[in-house]
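Here's start34.pdb, which has PDB, C-alpha atoms:
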```pdb
ATOM      1  CA  MET A   1       7.543 -88.378 -49.033
ATOM      2  CA  ALA A   2       7.132 -90.906 -51.827
ATOM      3  CA  GLN A   3       8.917 -93.626 -53.716
ATOM      4  CA  TYR A   4       9.009 -93.778 -57.507
ATOM      5  CA  THR A   5      10.022 -96.780 -59.575
ATOM      6  CA  LEU A   6      11.569 -95.548 -62.809
ATOM      7  CA  GLY A   7      12.828 -98.454 -64.868
ATOM      8  CA  ASN A   8      15.331-100.277 -62.671
ATOM      9  CA  TYR A   9      15.720 -97.341 -60.270
ATOM     10  CA  ILE A  10      13.885 -96.615 -57.046
ATOM     11  CA  LEU A  11      13.821 -92.934 -56.136
ATOM     12  CA  ASP A  12      13.013 -92.433 -52.457
ATOM     13  CA  THR A  13      12.235 -88.732 -52.028
ATOM     14  CA  GLY A  14      12.491 -89.072 -48.256
ATOM     15  CA  GLN A  15      16.138 -90.097 -48.532
ATOM     16  CA  PRO A  16      17.206 -89.264 -52.094
ATOM     17  CA  ARG A  17      20.586 -90.661 -53.096
ATOM     18  CA  ALA A  18      22.911 -88.805 -55.423
ATOM     19  CA  GLU A  19      23.933 -91.971 -57.268
ATOM     20  CA  VAL A  20      20.297 -92.784 -58.083
ATOM     21  CA  LEU A  21      19.628 -89.263 -59.372
ATOM     22  CA  ALA A  22      22.769 -89.368 -61.522
ATOM     23  CA  ALA A  23      21.852 -92.788 -62.917
ATOM     24  CA  ILE A  24      18.368 -91.575 -63.882
ATOM     25  CA  LEU A  25      19.896 -88.566 -65.650
ATOM     26  CA  LYS A  26      22.180 -90.859 -67.650
ATOM     27  CA  ASP A  27      19.404 -93.272 -68.701
ATOM     28  CA  ASP A  28      17.160 -91.966 -71.479
ATOM     29  CA  SER A  29      15.165 -95.196 -71.663
ATOM     30  CA  ILE A  30      13.033 -94.076 -68.700
ATOM     31  CA  ASN A  31      12.307 -90.520 -69.828
ATOM     32  CA  GLU A  32       8.636 -91.169 -70.580
ATOM     33  CA  GLU A  33       8.077 -92.636 -67.117
ATOM     34  CA  LEU A  34       9.961 -89.760 -65.480
ATOM     35  CA  PHE A  35       8.041 -87.038 -67.306
ATOM     36  CA  TYR A  36       4.703 -88.733 -66.661
ATOM     37  CA  ALA A  37       5.423 -89.015 -62.929
ATOM     38  CA  ALA A  38       6.514 -85.366 -62.700
ATOM     39  CA  ASN A  39       3.458 -84.095 -64.561
ATOM     40  CA  LYS A  40       1.209 -86.196 -62.327
ATOM     41  CA  VAL A  41       2.748 -84.702 -59.157
ATOM     42  CA  LYS A  42       2.519 -81.171 -60.541
ATOM     43  CA  THR A  43      -1.140 -81.696 -61.461
ATOM     44  CA  GLU A  44      -1.923 -83.102 -58.020
ATOM     45  CA  GLN A  45      -0.422 -79.988 -56.408
ATOM     46  CA  TYR A  46      -1.564 -77.245 -58.792
ATOM     47  CA  GLY A  47      -4.172 -78.688 -61.118
ATOM     48  CA  ASN A  48      -4.059 -77.041 -64.535
ATOM     49  CA  LEU A  49      -2.881 -73.656 -63.199
ATOM     50  CA  VAL A  50       0.238 -71.911 -64.462
ATOM     51  CA  PHE A  51       1.380 -68.977 -62.343
ATOM     52  CA  VAL A  52       2.544 -66.086 -64.502
ATOM     53  CA  ARG A  53       4.960 -63.473 -63.133
ATOM     54  CA  GLY A  54       6.056 -60.169 -64.654
ATOM     55  CA  ILE A  55       9.790 -59.511 -64.473
ATOM     56  CA  ILE A  56      11.395 -56.059 -64.683
ATOM     57  CA  GLU A  57      15.165 -55.996 -65.256
ATOM     58  CA  PHE A  58      15.919 -52.572 -63.810
ATOM     59  CA  SER A  59      19.722 -52.375 -63.992
ATOM     60  CA  ASN A  60      22.443 -54.165 -65.946
ATOM     61  CA  TYR A  61      25.318 -52.839 -63.849
ATOM     62  CA  CYS A  62      27.033 -55.641 -61.927
ATOM     63  CA  ARG A  63      30.001 -55.914 -59.589
ATOM     64  CA  CYS A  64      30.452 -59.652 -60.247
ATOM     65  CA  LEU A  65      32.826 -61.413 -62.661
ATOM     66  CA  CYS A  66      30.741 -64.484 -63.535
ATOM     67  CA  ALA A  67      32.432 -66.136 -66.519
ATOM     68  CA  TYR A  68      29.193 -66.950 -68.347
ATOM     69  CA  CYS A  69      27.302 -63.657 -67.961
ATOM     70  CA  GLY A  70      27.008 -60.967 -70.616
ATOM     71  CA  ILE A  71      26.665 -58.152 -68.077
ATOM     72  CA  ASN A  72      29.553 -59.082 -65.790
ATOM     73  CA  ALA A  73      31.787 -56.258 -64.568
ATOM     74  CA  ARG A  74      34.475 -56.901 -67.198
ATOM     75  CA  MET A  75      32.105 -56.419 -70.155
ATOM     76  CA  LYS A  76      33.481 -53.059 -71.288
ATOM     77  CA  ASP A  77      31.316 -52.888 -74.420
ATOM     78  CA  ALA A  78      28.050 -53.395 -72.543
ATOM     79  CA  VAL A  79      25.718 -50.392 -72.738
ATOM     80  CA  ARG A  80      24.785 -49.906 -69.112
ATOM     81  CA  TYR A  81      21.531 -48.553 -67.725
ATOM     82  CA  ARG A  82      19.778 -47.970 -64.435
ATOM     83  CA  MET A  83      16.090 -47.247 -63.998
ATOM     84  CA  ALA A  84      15.330 -44.331 -61.696
ATOM     85  CA  PRO A  85      13.245 -45.239 -58.624
ATOM     86  CA  ASP A  86      10.192 -43.304 -59.873
ATOM     87  CA  GLU A  87      10.475 -45.004 -63.266
ATOM     88  CA  LEU A  88      10.787 -48.430 -61.670
ATOM     89  CA  VAL A  89       7.809 -47.912 -59.369
ATOM     90  CA  GLU A  90       5.675 -46.775 -62.302
ATOM     91  CA  ALA A  91       6.712 -49.808 -64.381
ATOM     92  CA  ALA A  92       6.000 -52.153 -61.474
ATOM     93  CA  VAL A  93       2.556 -50.684 -60.826
ATOM     94  CA  ASP A  94       1.700 -51.034 -64.529
ATOM     95  CA  THR A  95       2.966 -54.627 -64.456
ATOM     96  CA  ALA A  96       0.826 -55.390 -61.393
ATOM     97  CA  LYS A  97      -2.286 -54.471 -63.392
ATOM     98  CA  VAL A  98      -1.613 -57.607 -65.462
ATOM     99  CA  TYR A  99       0.390 -59.944 -63.231
ATOM    100  CA  ARG A 100      -0.085 -60.803 -59.554
ATOM    101  CA  THR A 101       3.642 -61.018 -58.890
ATOM    102  CA  VAL A 102       6.243 -58.463 -59.946
ATOM    103  CA  ILE A 103       9.892 -59.544 -59.990
ATOM    104  CA  LEU A 104      12.506 -56.800 -59.685
ATOM    105  CA  GLN A 105      15.782 -58.130 -61.080
ATOM    106  CA  SER A 106      19.178 -56.547 -61.654
ATOM    107  CA  GLY A 107      22.854 -57.256 -61.724
ATOM    108  CA  GLU A 108      24.575 -56.963 -58.357
ATOM    109  CA  ASP A 109      24.375 -53.165 -58.487
ATOM    110  CA  CYS A 110      25.171 -51.539 -55.145
ATOM    111  CA  TYR A 111      24.094 -48.130 -56.456
ATOM    112  CA  TYR A 112      20.683 -49.256 -55.178
ATOM    113  CA  THR A 113      21.099 -49.309 -51.425
ATOM    114  CA  ALA A 114      18.891 -51.426 -49.200
ATOM    115  CA  GLU A 115      17.076 -48.260 -48.154
ATOM    116  CA  MET A 116      16.457 -47.275 -51.792
ATOM    117  CA  LEU A 117      15.131 -50.722 -52.622
ATOM    118  CA  ALA A 118      12.990 -50.747 -49.484
ATOM    119  CA  GLY A 119      11.474 -47.425 -50.523
ATOM    120  CA  ILE A 120      10.738 -48.774 -54.005
ATOM    121  CA  VAL A 121       9.097 -51.889 -52.581
ATOM    122  CA  ARG A 122       7.071 -49.858 -50.105
ATOM    123  CA  ARG A 123       5.770 -47.523 -52.808
ATOM    124  CA  ILE A 124       4.810 -50.422 -55.072
ATOM    125  CA  LYS A 125       2.929 -52.086 -52.241
ATOM    126  CA  GLU A 126       1.068 -48.858 -51.483
ATOM    127  CA  LYS A 127      -0.078 -48.484 -55.083
ATOM    128  CA  ALA A 128      -0.652 -52.074 -56.239
ATOM    129  CA  GLN A 129      -2.061 -55.358 -55.016
ATOM    130  CA  CYS A 130       0.795 -57.716 -55.860
ATOM    131  CA  ALA A 131       3.582 -59.818 -54.453
ATOM    132  CA  VAL A 132       7.049 -58.339 -54.905
ATOM    133  CA  THR A 133      10.028 -60.582 -55.571
ATOM    134  CA  LEU A 134      13.607 -59.303 -55.503
ATOM    135  CA  SER A 135      16.492 -60.764 -57.496
ATOM    136  CA  ILE A 136      19.476 -58.518 -56.807
ATOM    137  CA  GLY A 137      22.208 -60.849 -55.554
ATOM    138  CA  GLU A 138      24.167 -61.136 -52.342
ATOM    139  CA  ARG A 139      23.688 -58.573 -49.565
ATOM    140  CA  SER A 140      24.223 -58.509 -45.814
ATOM    141  CA  LEU A 141      21.715 -59.843 -43.305
ATOM    142  CA  GLU A 142      20.782 -56.306 -42.277
ATOM    143  CA  GLU A 143      20.205 -55.256 -45.894
ATOM    144  CA  TYR A 144      17.944 -58.249 -46.477
ATOM    145  CA  ARG A 145      16.101 -57.419 -43.252
ATOM    146  CA  ILE A 146      15.453 -53.832 -44.376
ATOM    147  CA  MET A 147      13.971 -55.053 -47.648
ATOM    148  CA  LYS A 148      11.858 -57.709 -45.935
ATOM    149  CA  GLN A 149      10.456 -55.200 -43.447
ATOM    150  CA  ALA A 150       9.492 -52.942 -46.363
ATOM    151  CA  GLY A 151       7.198 -55.683 -47.657
ATOM    152  CA  ALA A 152       9.256 -57.730 -50.126
ATOM    153  CA  ASP A 153       7.729 -61.208 -50.252
ATOM    154  CA  ARG A 154      10.195 -63.382 -52.129
ATOM    155  CA  PHE A 155      13.856 -63.426 -53.046
ATOM    156  CA  LEU A 156      15.540 -65.226 -55.937
ATOM    157  CA  LEU A 157      19.181 -66.202 -55.540
ATOM    158  CA  LYS A 158      20.364 -69.213 -57.542
ATOM    159  CA  HIS A 159      23.316 -71.241 -56.320
ATOM    160  CA  GLU A 160      24.213 -71.847 -60.028
ATOM    161  CA  THR A 161      26.274 -74.991 -59.349
ATOM    162  CA  ALA A 162      26.705 -77.061 -56.203
ATOM    163  CA  ASN A 163      30.258 -78.084 -57.082
ATOM    164  CA  ALA A 164      32.601 -75.867 -55.076
ATOM    165  CA  ALA A 165      35.523 -76.091 -57.518
ATOM    166  CA  LEU A 166      33.337 -75.350 -60.550
ATOM    167  CA  TYR A 167      31.648 -72.454 -58.752
ATOM    168  CA  GLN A 168      35.030 -70.969 -57.809
ATOM    169  CA  SER A 169      36.290 -71.262 -61.384
ATOM    170  CA  LEU A 170      33.197 -69.521 -62.793
ATOM    171  CA  HIS A 171      32.751 -66.802 -60.150
ATOM    172  CA  GLY A 172      36.163 -66.266 -58.592
ATOM    173  CA  VAL A 173      34.681 -66.536 -55.092
ATOM    174  CA  PRO A 174      33.734 -69.492 -52.850
ATOM    175  CA  LEU A 175      30.372 -71.233 -53.180
ATOM    176  CA  GLU A 176      29.757 -71.041 -49.433
ATOM    177  CA  GLY A 177      29.173 -67.310 -49.630
ATOM    178  CA  ARG A 178      26.250 -67.860 -51.965
ATOM    179  CA  LEU A 179      24.770 -70.604 -49.786
ATOM    180  CA  ASP A 180      25.173 -68.450 -46.674
ATOM    181  CA  ALA A 181      23.243 -65.663 -48.419
ATOM    182  CA  GLN A 182      20.428 -68.094 -49.237
ATOM    183  CA  ARG A 183      20.253 -69.105 -45.591
ATOM    184  CA  ARG A 184      20.094 -65.474 -44.459
ATOM    185  CA  ILE A 185      17.225 -64.889 -46.863
ATOM    186  CA  LYS A 186      15.349 -67.989 -45.739
ATOM    187  CA  GLY A 187      15.918 -67.189 -42.078
ATOM    188  CA  LEU A 188      14.236 -63.793 -42.441
ATOM    189  CA  GLY A 189      11.036 -65.365 -43.703
ATOM    190  CA  PHE A 190      11.350 -64.672 -47.405
ATOM    191  CA  GLU A 191      10.069 -67.289 -49.801
ATOM    192  CA  LEU A 192      13.405 -68.445 -51.188
ATOM    193  CA  GLY A 193      14.024 -69.034 -54.862
ATOM    194  CA  GLY A 194      17.125 -70.990 -55.829
ATOM    195  CA  GLY A 195      18.248 -72.807 -58.927
ATOM    196  CA  PHE A 196      21.122 -73.647 -61.231
ATOM    197  CA  MET A 197      22.220 -74.109 -64.829
ATOM    198  CA  VAL A 198      22.361 -77.364 -66.770
ATOM    199  CA  GLY A 199      25.224 -77.971 -69.186
ATOM    200  CA  LEU A 200      27.946 -75.758 -67.754
ATOM    201  CA  PRO A 201      31.412 -76.672 -69.086
ATOM    202  CA  GLY A 202      32.869 -79.232 -66.702
ATOM    203  CA  GLN A 203      29.510 -80.216 -65.217
ATOM    204  CA  THR A 204      28.622 -83.903 -64.824
ATOM    205  CA  ASP A 205      25.457 -85.816 -63.992
ATOM    206  CA  GLU A 206      26.918 -86.397 -60.544
ATOM    207  CA  ILE A 207      27.215 -82.632 -60.063
ATOM    208  CA  LEU A 208      23.618 -82.164 -61.270
ATOM    209  CA  ALA A 209      22.538 -84.712 -58.667
ATOM    210  CA  GLN A 210      24.238 -82.584 -56.006
ATOM    211  CA  ASP A 211      22.488 -79.503 -57.414
ATOM    212  CA  LEU A 212      19.131 -81.187 -56.902
ATOM    213  CA  LEU A 213      20.038 -82.266 -53.383
ATOM    214  CA  THR A 214      21.118 -78.692 -52.620
ATOM    215  CA  LEU A 215      17.619 -77.466 -53.499
ATOM    216  CA  VAL A 216      16.191 -79.997 -51.063
ATOM    217  CA  ARG A 217      18.678 -79.225 -48.303
ATOM    218  CA  GLU A 218      18.240 -75.448 -48.520
ATOM    219  CA  GLY A 219      14.452 -75.750 -48.525
ATOM    220  CA  VAL A 220      13.785 -73.610 -51.585
ATOM    221  CA  ASP A 221      10.226 -72.524 -52.353
ATOM    222  CA  MET A 222      11.032 -71.929 -56.022
ATOM    223  CA  ALA A 223      13.809 -73.154 -58.305
ATOM    224  CA  GLY A 224      14.836 -71.802 -61.683
ATOM    225  CA  ILE A 225      16.519 -74.538 -63.698
ATOM    226  CA  GLY A 226      17.648 -73.656 -67.197
ATOM    227  CA  PRO A 227      20.219 -74.643 -69.799
ATOM    228  CA  PHE A 228      23.554 -72.846 -69.973
ATOM    229  CA  ILE A 229      23.700 -70.614 -73.055
ATOM    230  CA  ALA A 230      27.148 -69.394 -74.086
ATOM    231  CA  HIS A 231      27.546 -65.644 -74.544
ATOM    232  CA  PRO A 232      29.931 -64.787 -77.413
ATOM    233  CA  ASP A 233      31.754 -62.040 -75.478
ATOM    234  CA  THR A 234      32.493 -63.965 -72.272
ATOM    235  CA  PRO A 235      35.341 -66.339 -71.346
ATOM    236  CA  LEU A 236      33.011 -69.288 -72.051
ATOM    237  CA  ARG A 237      32.361 -68.226 -75.658
ATOM    238  CA  GLY A 238      32.431 -71.171 -78.018
ATOM    239  CA  SER A 239      31.343 -73.638 -75.333
ATOM    240  CA  ALA A 240      28.469 -75.947 -76.188
ATOM    241  CA  ASP A 241      25.105 -74.806 -74.876
ATOM    242  CA  GLY A 242      23.286 -76.879 -72.291
ATOM    243  CA  ASN A 243      20.946 -79.526 -73.626
ATOM    244  CA  ALA A 244      17.242 -78.671 -73.378
ATOM    245  CA  HIS A 245      16.234 -82.325 -73.039
ATOM    246  CA  LYS A 246      18.647 -82.905 -70.157
ATOM    247  CA  THR A 247      17.255 -79.755 -68.549
ATOM    248  CA  LEU A 248      13.740 -81.213 -68.746
ATOM    249  CA  LYS A 249      14.940 -84.363 -66.981
ATOM    250  CA  VAL A 250      16.496 -82.308 -64.183
ATOM    251  CA  LEU A 251      13.304 -80.261 -63.918
ATOM    252  CA  ALA A 252      11.193 -83.406 -63.675
ATOM    253  CA  LEU A 253      13.394 -84.794 -60.896
ATOM    254  CA  ALA A 254      13.104 -81.493 -59.045
ATOM    255  CA  ARG A 255       9.320 -81.829 -59.175
ATOM    256  CA  LEU A 256       9.458 -85.327 -57.682
ATOM    257  CA  LEU A 257      11.864 -84.240 -54.936
ATOM    258  CA  LEU A 258       9.994 -80.995 -54.160
ATOM    259  CA  PRO A 259       6.312 -81.546 -54.961
ATOM    260  CA  LYS A 260       5.108 -78.125 -53.760
ATOM    261  CA  CYS A 261       8.013 -76.115 -55.164
ATOM    262  CA  HIS A 262       7.279 -73.487 -57.816
ATOM    263  CA  LEU A 263       9.258 -74.495 -60.900
ATOM    264  CA  PRO A 264       9.321 -72.102 -63.846
ATOM    265  CA  SER A 265       9.806 -72.852 -67.476
ATOM    266  CA  THR A 266      12.847 -70.591 -67.413
ATOM    267  CA  THR A 267      13.630 -67.937 -69.998
ATOM    268  CA  ALA A 268      16.734 -69.864 -71.068
ATOM    269  CA  LEU A 269      14.683 -73.015 -71.593
ATOM    270  CA  ASN A 270      12.131 -71.047 -73.579
ATOM    271  CA  VAL A 271      14.965 -69.736 -75.806
ATOM    272  CA  LYS A 272      15.736 -73.386 -76.543
ATOM    273  CA  GLY A 273      12.088 -74.075 -77.409
ATOM    274  CA  GLY A 274      11.275 -75.988 -74.258
ATOM    275  CA  MET A 275       8.339 -74.101 -72.702
ATOM    276  CA  LYS A 276       5.589 -76.501 -73.818
ATOM    277  CA  ASN A 277       7.525 -79.582 -72.757
ATOM    278  CA  ALA A 278       8.538 -78.019 -69.444
ATOM    279  CA  LEU A 279       4.909 -77.367 -68.537
ATOM    280  CA  LEU A 280       4.141 -81.026 -69.210
ATOM    281  CA  CYS A 281       6.958 -82.425 -67.077
ATOM    282  CA  GLY A 282       6.794 -80.458 -63.855
ATOM    283  CA  ALA A 283       6.946 -76.703 -64.473
ATOM    284  CA  ASN A 284       4.083 -74.564 -63.142
ATOM    285  CA  VAL A 285       5.401 -71.000 -63.524
ATOM    286  CA  ILE A 286       6.203 -68.678 -66.432
ATOM    287  CA  MET A 287       8.072 -65.388 -66.133
ATOM    288  CA  GLN A 288       7.036 -62.789 -68.702
ATOM    289  CA  LYS A 289       9.172 -59.821 -69.669
ATOM    290  CA  ALA A 290       7.846 -56.534 -68.274
ATOM    291  CA  THR A 291      11.084 -54.573 -68.649
ATOM    292  CA  PRO A 292      10.491 -51.298 -70.522
ATOM    293  CA  TYR A 293      11.256 -51.934 -74.172
ATOM    294  CA  GLU A 294      14.213 -49.535 -74.414
ATOM    295  CA  TYR A 295      16.120 -51.604 -71.846
ATOM    296  CA  ARG A 296      15.272 -55.154 -72.894
ATOM    297  CA  LYS A 297      18.095 -55.716 -75.378
ATOM    298  CA  LEU A 298      20.585 -54.190 -72.964
ATOM    299  CA  TYR A 299      19.962 -56.829 -70.288
ATOM    300  CA  ASP A 300      22.113 -59.158 -72.365
ATOM    301  CA  ILE A 301      23.018 -61.928 -69.952
ATOM    302  CA  TYR A 302      22.940 -64.508 -72.794
ATOM    303  CA  PRO A 303      21.928 -64.369 -76.477
ATOM    304  CA  GLY A 304      18.492 -65.162 -77.864
ATOM    305  CA  ARG A 305      16.357 -63.527 -75.178
ATOM    306  CA  ASP A 306      13.041 -62.043 -76.291
ATOM    307  CA  ALA A 307      13.162 -58.260 -76.713
ATOM    308  CA  LYS A 308       9.891 -57.715 -78.592
ATOM    309  CA  ASP A 309       7.911 -54.550 -77.931
ATOM    310  CA  ILE A 310       4.514 -56.026 -77.083
ATOM    311  CA  PRO A 311       2.108 -54.327 -74.628
ATOM    312  CA  LEU A 312       1.851 -56.237 -71.342
ATOM    313  CA  ARG A 313      -1.855 -57.002 -71.651
ATOM    314  CA  GLU A 314      -1.466 -58.237 -75.224
ATOM    315  CA  GLN A 315       1.512 -60.342 -74.215
ATOM    316  CA  TYR A 316      -0.512 -61.907 -71.404
ATOM    317  CA  GLU A 317      -3.506 -62.642 -73.645
ATOM    318  CA  GLU A 318      -1.252 -64.355 -76.196
ATOM    319  CA  LEU A 319       0.201 -66.528 -73.448
ATOM    320  CA  LYS A 320      -3.262 -67.417 -72.141
ATOM    321  CA  GLU A 321      -4.215 -68.665 -75.616
ATOM    322  CA  LYS A 322      -1.077 -70.793 -75.873
ATOM    323  CA  LEU A 323      -1.694 -72.293 -72.439
ATOM    324  CA  ALA A 324      -5.339 -73.011 -73.263
ATOM    325  CA  GLU A 325      -4.150 -75.145 -76.202
ATOM    326  CA  LEU A 326      -2.399 -77.310 -73.598
ATOM    327  CA  ASN A 327      -5.493 -77.364 -71.346
ATOM    328  CA  LEU A 328      -3.674 -75.098 -68.898
ATOM    329  CA  THR A 329      -4.935 -71.898 -67.273
ATOM    330  CA  ALA A 330      -2.897 -68.767 -66.559
ATOM    331  CA  GLU A 331      -3.183 -67.589 -62.949
TER     332      GLU A 331
END
```
Before we go any further, please render this structure as structure tokens.
Amino acid sequence: MAQYTLGNYILDTGQPRAEVLAAILKDDSINEELFYAANKVKTEQYGNLVFVRGIIEFSNYCRCLCAYCGINARMKDAVRYRMAPDELVEAAVDTAKVYRTVILQSGEDCYYTAEMLAGIVRRIKEKAQCAVTLSIGERSLEEYRIMKQAGADRFLLKHETANAALYQSLHGVPLEGRLDAQRRIKGLGFELGGGFMVGLPGQTDEILAQDLLTLVREGVDMAGIGPFIAHPDTPLRGSADGNAHKTLKVLALARLLLPKCHLPSTTALNVKGGMKNALLCGANVIMQKATPYEYRKLYDIYPGRDAKDIPLREQYEELKEKLAELNLTAE
């Protein structure tokens, strides 16, 4: 645990106070100090390494009604797809030739049973030397257990917002269900990935402070923090996007509160041009698209996402060059 003096504020990471976090987020006069402190902590923990993961978005079917998401169940014009298990295993094995971690992400698509997913994970593990991360939403304890026993290493499940009323308005279900799912995942021994959006309509700095404290309380091992980006076909169309600079401040505070946590420069932040700055104020992970090209545009959760058809190895080499310009090394 440490204490940081940022301008007139003292941030005690052993007993972080919501009012201090909110005040720091409101005060742009201390940004340079905040970003310097976060980069220093990240460098102490991980040196100049940036961990690169390959992410495969294998289905855009979803049972959920999230008001901000372009693949929610009410999106009647969405062109839906599902990758067959054999196709997904092949894509994952190819991805593992380039990246040490493969992330399997989908909407909350119950077509893929726990047993199906366990079989996919097991086959990937038999054919490739890689960590497998799942990002498939809320399931029962027994379903999570089946996937963990098959060899899945990590699980990503963002809480999205720690404000119960805002969560209910955006998702139509209580926040506690999402937090309970995170606790089931953590209790089974998965490395838990959480996270939330910055700039949601109705969000305040006080709510963002609670988001950060939720990451600490739930003991996340990774946290994806990115700006809200309005999708033109959802109920939140026309809303202002989240601010990239505010997102960087939240990211930096997350690094101070959780020194060892893996913090990606999220895809949404990269859309807003923030990758370089994120890596210099606390981020130590990048997720690279490994979804087969024919599906990339269809996983349309928000506009502006990269759908270029670039071979995985070439994509990785380009990233390595960009990181080298920042004196960072892809791992």
For this file, the PyMOL selection byres ((chain A and resi 88) around 12) selects which residues, as a short mmCIF file (atom, residue, chain, number, x, y, z; two decimals) with C-alpha atoms, keeping the file's coordinate frame?
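File selection_28.cif, as written:
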```cif
data_model
loop_
_atom_site.label_atom_id
_atom_site.label_comp_id
_atom_site.auth_asym_id
_atom_site.auth_seq_id
_atom_site.Cartn_x
_atom_site.Cartn_y
_atom_site.Cartn_z
CA ILE A 55 9.79 -59.51 -64.47
CA ILE A 56 11.40 -56.06 -64.68
CA GLU A 57 15.16 -56.00 -65.26
CA PHE A 58 15.92 -52.57 -63.81
CA SER A 59 19.72 -52.38 -63.99
CA ARG A 82 19.78 -47.97 -64.44
CA MET A 83 16.09 -47.25 -64.00
CA ALA A 84 15.33 -44.33 -61.70
CA PRO A 85 13.24 -45.24 -58.62
CA ASP A 86 10.19 -43.30 -59.87
CA GLU A 87 10.48 -45.00 -63.27
CA VAL A 89 7.81 -47.91 -59.37
CA GLU A 90 5.68 -46.78 -62.30
CA ALA A 91 6.71 -49.81 -64.38
CA ALA A 92 6.00 -52.15 -61.47
CA VAL A 93 2.56 -50.68 -60.83
CA ASP A 94 1.70 -51.03 -64.53
CA THR A 95 2.97 -54.63 -64.46
CA VAL A 102 6.24 -58.46 -59.95
CA ILE A 103 9.89 -59.54 -59.99
CA LEU A 104 12.51 -56.80 -59.68
CA GLN A 105 15.78 -58.13 -61.08
CA SER A 106 19.18 -56.55 -61.65
CA TYR A 112 20.68 -49.26 -55.18
CA MET A 116 16.46 -47.28 -51.79
CA LEU A 117 15.13 -50.72 -52.62
CA GLY A 119 11.47 -47.42 -50.52
CA ILE A 120 10.74 -48.77 -54.00
CA VAL A 121 9.10 -51.89 -52.58
CA ARG A 123 5.77 -47.52 -52.81
CA ILE A 124 4.81 -50.42 -55.07
CA ALA A 290 7.85 -56.53 -68.27
CA THR A 291 11.08 -54.57 -68.65
CA PRO A 292 10.49 -51.30 -70.52
CA TYR A 295 16.12 -51.60 -71.85
#
```
(request) Rank nothing, just name the residue among A:Leu25, A:Leu192, A:Leu298, A:Val52 nearest to Thr247 (chain A), using all atoms listed in the file. (result)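 Looking at the shortest contact to Thr247 (chain A), the residue is A:Leu25.
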(message) Could you tell me, as a PyMOL selection string, exactly which residues end up selected when the PyMOL selection byres ((chain A and resi 275) around 12) is applied to this structure?
(response) chain A and resi 50+226+244-245+247-248+251+263-274+276-287+319+322-323+326
(request) Select, from A:Pro201, A:Pro259, A:Gly70, A:Gly224, the residue with the minimum atom-to-atom distance to Gly238 (chain A), counting all atoms listed in the file. (result)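 Smallest distance to Gly238 (chain A) is found for A:Pro201.
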(request) Would you please work out which residue, of A:Gly7, A:Gly194, A:Pro16, A:Gly202, is nearest to Leu253 (chain A) when using all atoms listed in the file? (result) A:Pro16
(request) In the coordinates of the file, take the point (15.7, -50.1, -45.7) and a cut-off of 12 Å; then, counting all atoms listed in the file, name each qualifying protein, DNA or RNA residue as a PyMOL selection string. (result) chain A and resi 112-122+140-152
Prev. selection, C-alpha atoms, output as an mmCIF file, in the frame of the given file:
```
data_model
loop_
_atom_site.group_PDB
_atom_site.id
_atom_site.type_symbol
_atom_site.label_atom_id
_atom_site.label_comp_id
_atom_site.auth_asym_id
_atom_site.auth_seq_id
_atom_site.Cartn_x
_atom_site.Cartn_y
_atom_site.Cartn_z
ATOM 1 C CA TYR A 112 20.683 -49.256 -55.178
ATOM 2 C CA THR A 113 21.099 -49.309 -51.425
ATOM 3 C CA ALA A 114 18.891 -51.426 -49.200
ATOM 4 C CA GLU A 115 17.076 -48.260 -48.154
ATOM 5 C CA MET A 116 16.457 -47.275 -51.792
ATOM 6 C CA LEU A 117 15.131 -50.722 -52.622
ATOM 7 C CA ALA A 118 12.990 -50.747 -49.484
ATOM 8 C CA GLY A 119 11.474 -47.425 -50.523
ATOM 9 C CA ILE A 120 10.738 -48.774 -54.005
ATOM 10 C CA VAL A 121 9.097 -51.889 -52.581
ATOM 11 C CA ARG A 122 7.071 -49.858 -50.105
ATOM 12 C CA SER A 140 24.223 -58.509 -45.814
ATOM 13 C CA LEU A 141 21.715 -59.843 -43.305
ATOM 14 C CA GLU A 142 20.782 -56.306 -42.277
ATOM 15 C CA GLU A 143 20.205 -55.256 -45.894
ATOM 16 C CA TYR A 144 17.944 -58.249 -46.477
ATOM 17 C CA ARG A 145 16.101 -57.419 -43.252
ATOM 18 C CA ILE A 146 15.453 -53.832 -44.376
ATOM 19 C CA MET A 147 13.971 -55.053 -47.648
ATOM 20 C CA LYS A 148 11.858 -57.709 -45.935
ATOM 21 C CA GLN A 149 10.456 -55.200 -43.447
ATOM 22 C CA ALA A 150 9.492 -52.942 -46.363
ATOM 23 C CA GLY A 151 7.198 -55.683 -47.657
ATOM 24 C CA ALA A 152 9.256 -57.730 -50.126
#
```
(message) Can you measure CA of His159 (chain A) to CA of Val41 (chain A) for me? One decimal in Å is fine.
(response) 24.7 Å
(request) Name the closest residue to Phe190 (chain A) among the candidates A:Ala164, A:Ala230, A:Ala38, A:Leu157; distances are taken between atoms, counting all atoms listed in the file. (result)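 Answer, going by the shortest atom-to-atom distance: A:Leu157.
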(request) List the residues selected by the PyMOL selection byres ((chain A and resi 312-315) around 9) in the file shown, writing them as number ranges by chain. (result) A: 54, 94-95, 97-98, 288-290, 310-311, 316-320
(request) Tell me which of A:Glu294, A:Asp180, A:Glu321, A:Asp221 sits closest to Asp309 (chain A), counting all atoms listed in the file. (result)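 Looking only at the distances to Asp309 (chain A), the closest residue turns out to be A:Glu294.
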(request) Kindly provide, as a list in words, the polymer residues lying within 7 Å of (-7.5, -72.3, -61.0), counting only C-alpha atoms and using the coordinates exactly as they appear in the file. (result)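 Residues with an atom close enough to that point: Asn48, Leu49, Thr329 and Glu331 of chain A.
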(message) Taking all atoms listed in the file into account, name the residue in A:Glu108, A:Glu160, A:Asp241, A:Asp28 that is nearest to Leu215 (chain A).
(response)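 Once distances to Leu215 (chain A) are computed over all atoms listed in the file, the minimum belongs to A:Glu160.
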